[in-house]
Amino acid sequence: MKRKTKPIQYLIAILISILLFASVMLLMQHVQKLLLSDVRLSLSEIVNQNKDVISSKLTVELNNLNLIAQQVSDKIDQTGNTDGENIKKMFLEYVKKNSDESLCYSDLEGNAVFGGGQEVNIAGRKYFQLAVKGGSNVSEQIVSRLNGEDVFVIAAPLYYNGEIIGTLQKQYPPKEMHELCSISLFSQQGSMYIINSDGYIFVSSDDNYKESSNYYRTLHLTDADAATSLAENVRAGKTGFMEIKGDGKSTFSAYTPLKEIHDWYLITNIDTSVIIPNVNTVIRLFYVILILVVFAFAIILFYNLQLKRRQQLNLETLAFVDNVTGGDTYTKFEATLTELLEQADSDTYYILAFDIDGFHYINRFYGFEIGDKILKQVYALCAEQLQQGELLSRTSADCFVAALKNPAASWLDDILCKSVTIEDIIIYFSAGLYPVKDKMEGLSLMIDKATLASTEAKGKRFKKVGIFSREFDETLAKNEHLKQEIDRALEESEFTPYFQPKVDIYDNRLVGAEALARWIKKDGTVRPPSEFIPISEQTGVIRLIDWAIFEKTLQFLRRNLDRGVHCVPISVNFSRSHLFDKEFADKLKEQLDHYHVPGHLIEVELTETTIFDNAESINTFIKHLHNLDLIVSMDDFGSGYSSLNMLKDVDIDVIKIDQAFLNSATDNTKQQIIFETIIQMSKKLQLETVVEGVETAENVAAMRKTECTVAQGYFFARPMSSDNFEAFHMVKGETASAFFVP
Ligand code: C2E
Ligand code: CA
Ligand code: CA
């Protein structure tokens, strides 16, 4: 199954990064704005201070002129003569006395005389026109009519008796005016300009801006927008602040009108780096940190996503790669086949199920390491035979399942029907095929059917791949029906023990019995265990059957104890699945207590394989049973692969020797030796032995040879109903032997 990587996760990660970046940027801009407004405030303060300083300096100059005008008008007062010639005389006298030749007097018509006596007409000059109307003022930079040099002029009206009778002027060379207006700003790092409303610079502290050049025009070259907005604001007489950008640097600029002097404006500029050097550094630092943080965040985020992806891949590997075979797991097989089946025709595929005969014992004898090696090689061997679009996986233990397109592939015969040798062990398989007809049937049912078909090959010497046919379908349906029937039979208490006596072969004494389950139907038919035990083991219902048989055995014992009959121990079969029930011993105790049956009257039969499989934990299990005074026996000894050696490690009380063993022991010397050895060893280990399936007098003779005592078999008695067994009990004793002899 293809796993899609999730781009959405990366998209979210990118979005988060962008959002984080954007929000920090906004925050930074806000901080920057706050800082800027602080800067604006302080710069406006500075420009205002400068304005005050310049205004007051110019006011002082104007006041001086007014003072002179006062003195001249006082003189006029002494003579009482307001004649123009007289005033001129007064003025020249004052000049001479105060030796200030930069002063100039003009009558109302603009006829002016300078301190040095030179005469010019200034009627056309703006400063004169303002002064003659009563306005003290400072002129723009103009060219002197006297010597053709650049000058500034401060002009004030000359009053006499409240009436203007002329004007007084004082000339300032640009340098002097410059000194008057310049003040040191920001430790010489700022610059200051005085411009008129047309942008002409009168005073500049900056060498780049020459006096009389135009501020707007020069500014236009670096920042046209700033120049336009400044011109507009100046014309409107506004006070303001702006940031000028250009020439790779940024300048804060504050401007305010010098109201005292008609249309003059004071502009104070300061390089941003001067006024906020730290701020800029801090902001830059912030940006660097921000970028680093966002970068780090993004890296961590992506790393995490990668990690998650890798973890997911690992999980997928765990889920999809079988760690034993290195091939596909069943999960992978199921997912891929489901996809393939969706696209394929219904009859494209054949499901093949196979397992290794007796793998269980291979594992036990050769160890799990060899077992795993075999599984791995079997997988590899079969996987390399697959064609395009065919699949193989191990479902559990030694069970494999494949989806094939070609049911006649030669490897089915060559491998699965013959044998392979791995690690010097000859491996046989049992395989079954199920042709898929309806792809909607469900994979597990298909595998069940293939597995069912494989049972045809089980235990056969010459193997064939079993093919699922209609009969199997019928078996499946029957099994399904049987399962339901068993459930019902349990509810209706149809399972009952039959008892088969165990006899001492020397005196025919009844020494015990085995409870064997029978399903007695309402119509009286008796069904043997072979018809319901295997399927009950599959479904797990066997445990309920065991408990039912156990309880009925207890009831039987109770009844006989109550009647004062001498009771012999009865063994009850418990399936291997009880081993995993932690409450098994408690449940046994509860029932024993309920029926007041002493533990020594019950023998718990566990099959050889149960004990063999759980050699390590079995003794703890047995200990719990011994604590209840129960007898524990190992059933079917010799039917499997148990080693004689393990007998000494397991804490059982009785071994029941399998019937098959006994039969072959009679005509095979080697088997007989083994049989004898088992008996001898059991004796040494103080284990009781019961020989099962004693059918003939020869069997009994063989037992006598090895000094075996207890037998269970048709030769003595078949399993019988409780009523019959009760009667059997009664005749037990001296007369019993007559009863036994067939
Ligand atoms: P088992 O535990 O080995 O029981 C002995 C089987 O051998 C019985 O078969 C018995 O009838 C049969 N048998 C006894 N003497 C002879 C003889 O001389 N010749 C031959 N050919 N057979 C003889 P049965 O009753 O059909 O039971 C078959 C198996 O079903 C039992 O084998 C046991 O494994 C299982 N079984 C029976 N009852 C229960 C039960 O209540 N619980 C569980 N878990 N399994 C049970
Ligand atoms: Ca048994
Ligand atoms: Ca047995």
# chains A, B, ... in the order shown; residues from 1 in each chain; ligands from 1

$ residues_around --residues "Phe472 in chain A" --least-positions-apart "5" --cutoff "9 Å" --atoms "only C-alpha atoms" --output "ChimeraX atom specification"
/A:449,452-453,477

$ residues_near_ligand --ligand "ligand 1" --cutoff "6 Å" --atoms "only C-alpha atoms and all ligand atoms" --output "JSON, numbers by chain"
{"A": [516, 517, 528, 529, 546, 549, 573, 574, 575, 636, 693, 694, 695, 712, 713, 714, 719]}

$ write_last_selection --atoms "all heavy atoms" --output "compact mmCIF listing (two decimals), in the first residue's frame"
# COMPACT_ATOMS: atom_id res chain seq x y z
N LEU A 516 -14.26 -39.25 29.44
CA LEU A 516 -14.14 -38.91 28.03
C LEU A 516 -15.44 -38.29 27.55
O LEU A 516 -16.53 -38.85 27.79
CB LEU A 516 -13.79 -40.15 27.22
CG LEU A 516 -12.39 -40.72 27.53
CD1 LEU A 516 -12.32 -42.19 27.19
CD2 LEU A 516 -11.31 -39.92 26.81
N ALA A 517 -15.33 -37.13 26.89
CA ALA A 517 -16.53 -36.38 26.54
C ALA A 517 -17.34 -37.10 25.46
O ALA A 517 -16.80 -37.63 24.50
CB ALA A 517 -16.13 -35.00 26.04
N PRO A 528 -18.91 -39.05 19.11
CA PRO A 528 -17.59 -39.15 19.72
C PRO A 528 -16.81 -37.82 19.64
O PRO A 528 -17.14 -36.96 18.82
CB PRO A 528 -16.89 -40.22 18.88
CG PRO A 528 -17.54 -40.12 17.54
CD PRO A 528 -18.95 -39.68 17.77
N PRO A 529 -15.77 -37.69 20.45
CA PRO A 529 -15.00 -36.44 20.48
C PRO A 529 -14.41 -36.05 19.13
O PRO A 529 -14.31 -34.86 18.83
CB PRO A 529 -13.87 -36.74 21.47
CG PRO A 529 -14.33 -37.86 22.28
CD PRO A 529 -15.29 -38.65 21.45
N ASP A 546 -14.61 -28.73 28.51
CA ASP A 546 -13.79 -29.32 29.58
C ASP A 546 -14.40 -29.07 30.95
O ASP A 546 -14.48 -29.96 31.79
CB ASP A 546 -12.37 -28.74 29.55
CG ASP A 546 -11.57 -29.25 28.37
OD1 ASP A 546 -12.05 -30.19 27.70
OD2 ASP A 546 -10.49 -28.70 28.10
N ILE A 549 -17.46 -31.20 31.47
CA ILE A 549 -17.11 -32.60 31.77
C ILE A 549 -16.58 -32.71 33.20
O ILE A 549 -16.94 -33.63 33.94
CB ILE A 549 -16.07 -33.12 30.75
CG1 ILE A 549 -16.65 -33.11 29.33
CG2 ILE A 549 -15.56 -34.52 31.12
CD1 ILE A 549 -17.89 -33.96 29.13
N ASN A 573 -9.63 -34.63 30.99
CA ASN A 573 -8.76 -34.00 29.97
C ASN A 573 -8.95 -32.49 29.96
O ASN A 573 -10.08 -32.01 29.92
CB ASN A 573 -9.09 -34.56 28.59
CG ASN A 573 -8.76 -36.03 28.48
OD1 ASN A 573 -7.61 -36.41 28.34
ND2 ASN A 573 -9.79 -36.88 28.61
N PHE A 574 -7.84 -31.81 30.01
CA PHE A 574 -7.92 -30.34 29.88
C PHE A 574 -7.08 -29.90 28.68
O PHE A 574 -5.91 -30.29 28.58
CB PHE A 574 -7.43 -29.65 31.16
CG PHE A 574 -8.47 -29.66 32.25
CD1 PHE A 574 -8.44 -30.61 33.27
CD2 PHE A 574 -9.51 -28.74 32.24
CE1 PHE A 574 -9.40 -30.63 34.27
CE2 PHE A 574 -10.48 -28.76 33.24
CZ PHE A 574 -10.42 -29.69 34.25
N SER A 575 -7.70 -29.17 27.82
CA SER A 575 -7.01 -28.74 26.60
C SER A 575 -5.87 -27.77 26.95
O SER A 575 -5.88 -27.13 28.00
CB SER A 575 -7.99 -28.07 25.65
OG SER A 575 -7.62 -26.76 25.39
N ASP A 636 -0.71 -39.11 26.29
CA ASP A 636 -0.18 -39.40 24.94
C ASP A 636 1.35 -39.40 24.87
O ASP A 636 1.91 -39.02 23.84
CB ASP A 636 -0.74 -38.41 23.91
CG ASP A 636 -2.25 -38.44 23.86
OD1 ASP A 636 -2.82 -39.47 24.25
OD2 ASP A 636 -2.85 -37.42 23.45
N GLY A 693 -4.80 -47.86 25.32
CA GLY A 693 -5.15 -48.63 24.11
C GLY A 693 -4.76 -50.09 24.18
O GLY A 693 -4.38 -50.68 23.17
N VAL A 694 -4.87 -50.64 25.36
CA VAL A 694 -4.57 -52.07 25.51
C VAL A 694 -5.76 -52.85 24.96
O VAL A 694 -6.83 -52.85 25.55
CB VAL A 694 -4.28 -52.42 27.00
CG1 VAL A 694 -3.95 -53.91 27.13
CG2 VAL A 694 -3.16 -51.56 27.52
N GLU A 695 -5.55 -53.46 23.79
CA GLU A 695 -6.67 -54.07 23.09
C GLU A 695 -6.61 -55.60 23.13
O GLU A 695 -7.64 -56.27 23.02
CB GLU A 695 -6.68 -53.62 21.63
CG GLU A 695 -7.17 -52.19 21.45
CD GLU A 695 -7.15 -51.75 20.00
OE1 GLU A 695 -6.50 -52.44 19.18
OE2 GLU A 695 -7.76 -50.73 19.70
N GLN A 712 -5.29 -49.24 30.28
CA GLN A 712 -6.59 -48.64 29.92
C GLN A 712 -6.83 -49.05 28.48
O GLN A 712 -5.99 -48.77 27.62
CB GLN A 712 -6.50 -47.10 30.07
CG GLN A 712 -7.81 -46.39 29.73
CD GLN A 712 -7.64 -44.86 29.77
OE1 GLN A 712 -6.75 -44.35 30.44
NE2 GLN A 712 -8.48 -44.17 29.05
N GLY A 713 -7.90 -49.75 28.24
CA GLY A 713 -8.13 -50.16 26.86
C GLY A 713 -9.32 -51.07 26.71
O GLY A 713 -9.91 -51.52 27.70
N TYR A 714 -9.70 -51.27 25.44
CA TYR A 714 -10.89 -52.06 25.13
C TYR A 714 -10.78 -53.48 25.66
O TYR A 714 -11.76 -54.15 25.91
CB TYR A 714 -11.12 -52.10 23.61
CG TYR A 714 -11.43 -50.74 22.99
CD1 TYR A 714 -11.43 -50.60 21.61
CD2 TYR A 714 -11.75 -49.63 23.78
CE1 TYR A 714 -11.74 -49.39 21.02
CE2 TYR A 714 -12.05 -48.42 23.20
CZ TYR A 714 -12.04 -48.29 21.82
OH TYR A 714 -12.33 -47.11 21.24
N PRO A 719 -15.07 -47.08 27.09
CA PRO A 719 -15.67 -45.97 27.85
C PRO A 719 -17.17 -46.23 28.00
O PRO A 719 -17.79 -46.69 27.05
CB PRO A 719 -15.41 -44.74 26.96
CG PRO A 719 -14.27 -45.15 26.08
CD PRO A 719 -14.41 -46.62 25.86

$ residues_near_ligand --ligand "ligand 2" --cutoff "7 Å" --atoms "only C-alpha atoms and all ligand atoms" --output "list in words"
Glu514, Asn573, Glu605 and Asp635 of chain A

$ write_last_selection --atoms "all heavy atoms" --output "compact mmCIF listing (two decimals), in the first residue's frame"
# COMPACT_ATOMS: atom_id res chain seq x y z
N GLU A 514 -10.93 -42.73 33.23
CA GLU A 514 -10.76 -41.47 32.51
C GLU A 514 -12.13 -41.00 32.03
O GLU A 514 -12.92 -41.79 31.49
CB GLU A 514 -9.83 -41.65 31.30
CG GLU A 514 -9.68 -40.34 30.51
CD GLU A 514 -8.66 -40.41 29.38
OE1 GLU A 514 -8.11 -41.52 29.14
OE2 GLU A 514 -8.42 -39.37 28.75
N ASN A 573 -9.63 -34.63 30.99
CA ASN A 573 -8.76 -34.00 29.97
C ASN A 573 -8.95 -32.49 29.96
O ASN A 573 -10.08 -32.01 29.92
CB ASN A 573 -9.09 -34.56 28.59
CG ASN A 573 -8.76 -36.03 28.48
OD1 ASN A 573 -7.61 -36.41 28.34
ND2 ASN A 573 -9.79 -36.88 28.61
N GLU A 605 -5.37 -34.36 33.19
CA GLU A 605 -4.57 -34.87 32.05
C GLU A 605 -4.19 -33.74 31.12
O GLU A 605 -5.05 -33.02 30.60
CB GLU A 605 -5.37 -35.93 31.28
CG GLU A 605 -5.28 -37.28 31.94
CD GLU A 605 -5.78 -38.41 31.04
OE1 GLU A 605 -5.85 -38.24 29.81
OE2 GLU A 605 -6.11 -39.47 31.61
N ASP A 635 -0.50 -36.93 29.14
CA ASP A 635 -1.25 -37.78 28.23
C ASP A 635 -0.45 -38.01 26.94
O ASP A 635 0.37 -37.18 26.55
CB ASP A 635 -2.57 -37.06 27.90
CG ASP A 635 -3.64 -38.02 27.41
OD1 ASP A 635 -3.34 -39.22 27.28
OD2 ASP A 635 -4.76 -37.55 27.16

$ residues_near_ligand --ligand "ligand 3" --cutoff "12 Å" --atoms "only C-alpha atoms and all ligand atoms" --output "ChimeraX atom specification"
/A:500,514-516,571-574,605-609,633-640,655-662,690-694,711-713

$ atom_distance --atom1 "CA of Gly599 in chain A" --atom2 "CA of Ala585 in chain A"
11.6 Å

$ closest_residue --among "A:Pro534, A:Gly240, A:Gly124, A:Pro173" --to "Ser44 in chain A" --atoms "only C-alpha atoms"
A:Gly240

$ residues_around --residues "Gly166 in chain A" --least-positions-apart "3" --cutoff "6 Å" --atoms "only C-alpha atoms" --output "number ranges by chain"
A: 106-108, 158

$ closest_residue --among "A:Ser722, A:Asn645, A:Ser204, A:Asn323" --to "Pro501 in chain A" --atoms "only C-alpha atoms"
A:Ser722

$ residues_around --residues "range 217-227 of chain A" --least-positions-apart "4" --cutoff "9 Å" --atoms "only C-alpha atoms" --output "ChimeraX atom specification"
/A:199,209,213,231-232,242-247

$ closest_residue --among "A:Thr677, A:Asn48, A:Gln70, A:Gln671" --to "Gly162 in chain A" --atoms "only C-alpha atoms"
A:Gln70

$ residues_around --residues "Asn161 in chain A" --least-positions-apart "5" --cutoff "12 Å" --atoms "only C-alpha atoms" --output "list in words"
Gln70, Ser73, Asp74, Ile76, Asp77, Gly80 and Thr82 of chain A

$ closest_residue --among "A:Phe550, A:Leu290, A:Leu404, A:Asn147" --to "Val24 in chain A" --atoms "only C-alpha atoms"
A:Leu290

$ select_by_dssp --residues "range 523-700 of chain A" --states "helix (DSSP H, G or I)" --output "PyMOL selection string"
chain A and resi 529-531+533-539+542-562+576-580+584-595+599-601+608-613+618-627+644-648+659-667+669-684+697-700

$ select_by_dssp --residues "range 254-397 of chain A" --states "strand (DSSP E)" --output "MDAnalysis selection string"
chainID A and resid 254:257 265:271 350:356 391:396

$ write_last_selection --atoms "C-alpha atoms" --output "PDB file, in the first residue's frame"
ATOM      1  CA  ALA A 254      11.882  69.567  10.875  1.00  0.00           C
ATOM      2  CA  TYR A 255      10.670  72.926   9.532  1.00  0.00           C
ATOM      3  CA  THR A 256       8.968  75.873  11.109  1.00  0.00           C
ATOM      4  CA  PRO A 257       8.297  79.487   9.992  1.00  0.00           C
ATOM      5  CA  TYR A 265      11.496  79.234   7.269  1.00  0.00           C
ATOM      6  CA  LEU A 266      13.922  77.513   9.551  1.00  0.00           C
ATOM      7  CA  ILE A 267      14.784  73.966   8.561  1.00  0.00           C
ATOM      8  CA  THR A 268      16.775  71.681  10.797  1.00  0.00           C
ATOM      9  CA  ASN A 269      18.086  68.446   9.309  1.00  0.00           C
ATOM     10  CA  ILE A 270      19.741  65.618  11.052  1.00  0.00           C
ATOM     11  CA  ASP A 271      21.014  62.328   9.768  1.00  0.00           C
ATOM     12  CA  TYR A 350      -5.647 -18.104  -6.747  1.00  0.00           C
ATOM     13  CA  ILE A 351      -4.987 -18.043  -3.041  1.00  0.00           C
ATOM     14  CA  LEU A 352      -2.319 -20.502  -1.985  1.00  0.00           C
ATOM     15  CA  ALA A 353      -1.897 -21.461   1.669  1.00  0.00           C
ATOM     16  CA  PHE A 354       0.873 -23.730   2.856  1.00  0.00           C
ATOM     17  CA  ASP A 355       2.727 -24.633   5.991  1.00  0.00           C
ATOM     18  CA  ILE A 356       5.697 -26.723   7.016  1.00  0.00           C
ATOM     19  CA  LEU A 391       2.342 -11.873  -3.703  1.00  0.00           C
ATOM     20  CA  LEU A 392       3.653 -13.911  -0.799  1.00  0.00           C
ATOM     21  CA  SER A 393       3.643 -13.422   2.947  1.00  0.00           C
ATOM     22  CA  ARG A 394       3.957 -15.334   6.174  1.00  0.00           C
ATOM     23  CA  THR A 395       0.728 -15.132   8.142  1.00  0.00           C
ATOM     24  CA  SER A 396       1.845 -16.696  11.399  1.00  0.00           C
TER      25      SER A 396
END

$ closest_residue --among "A:Tyr94, A:Phe302, A:Phe675, A:Phe468" --to "Lys437 in chain A" --atoms "only C-alpha atoms"
A:Phe468

$ atom_distance --atom1 "CA of Lys458 in chain A" --atom2 "CA of Phe365 in chain A"
20.8 Å

$ residues_around --residues "Phe152 in chain A" --least-positions-apart "4" --cutoff "6 Å" --atoms "only C-alpha atoms" --output "count of residues only"
5

$ atom_distance --atom1 "CA of Ile195 in chain A" --atom2 "CA of Trp264 in chain A"
5.6 Å

$ closest_residue --among "A:Phe286, A:Glu85, A:Ile154, A:Thr525" --to "Thr59 in chain A" --atoms "only C-alpha atoms"
A:Ile154
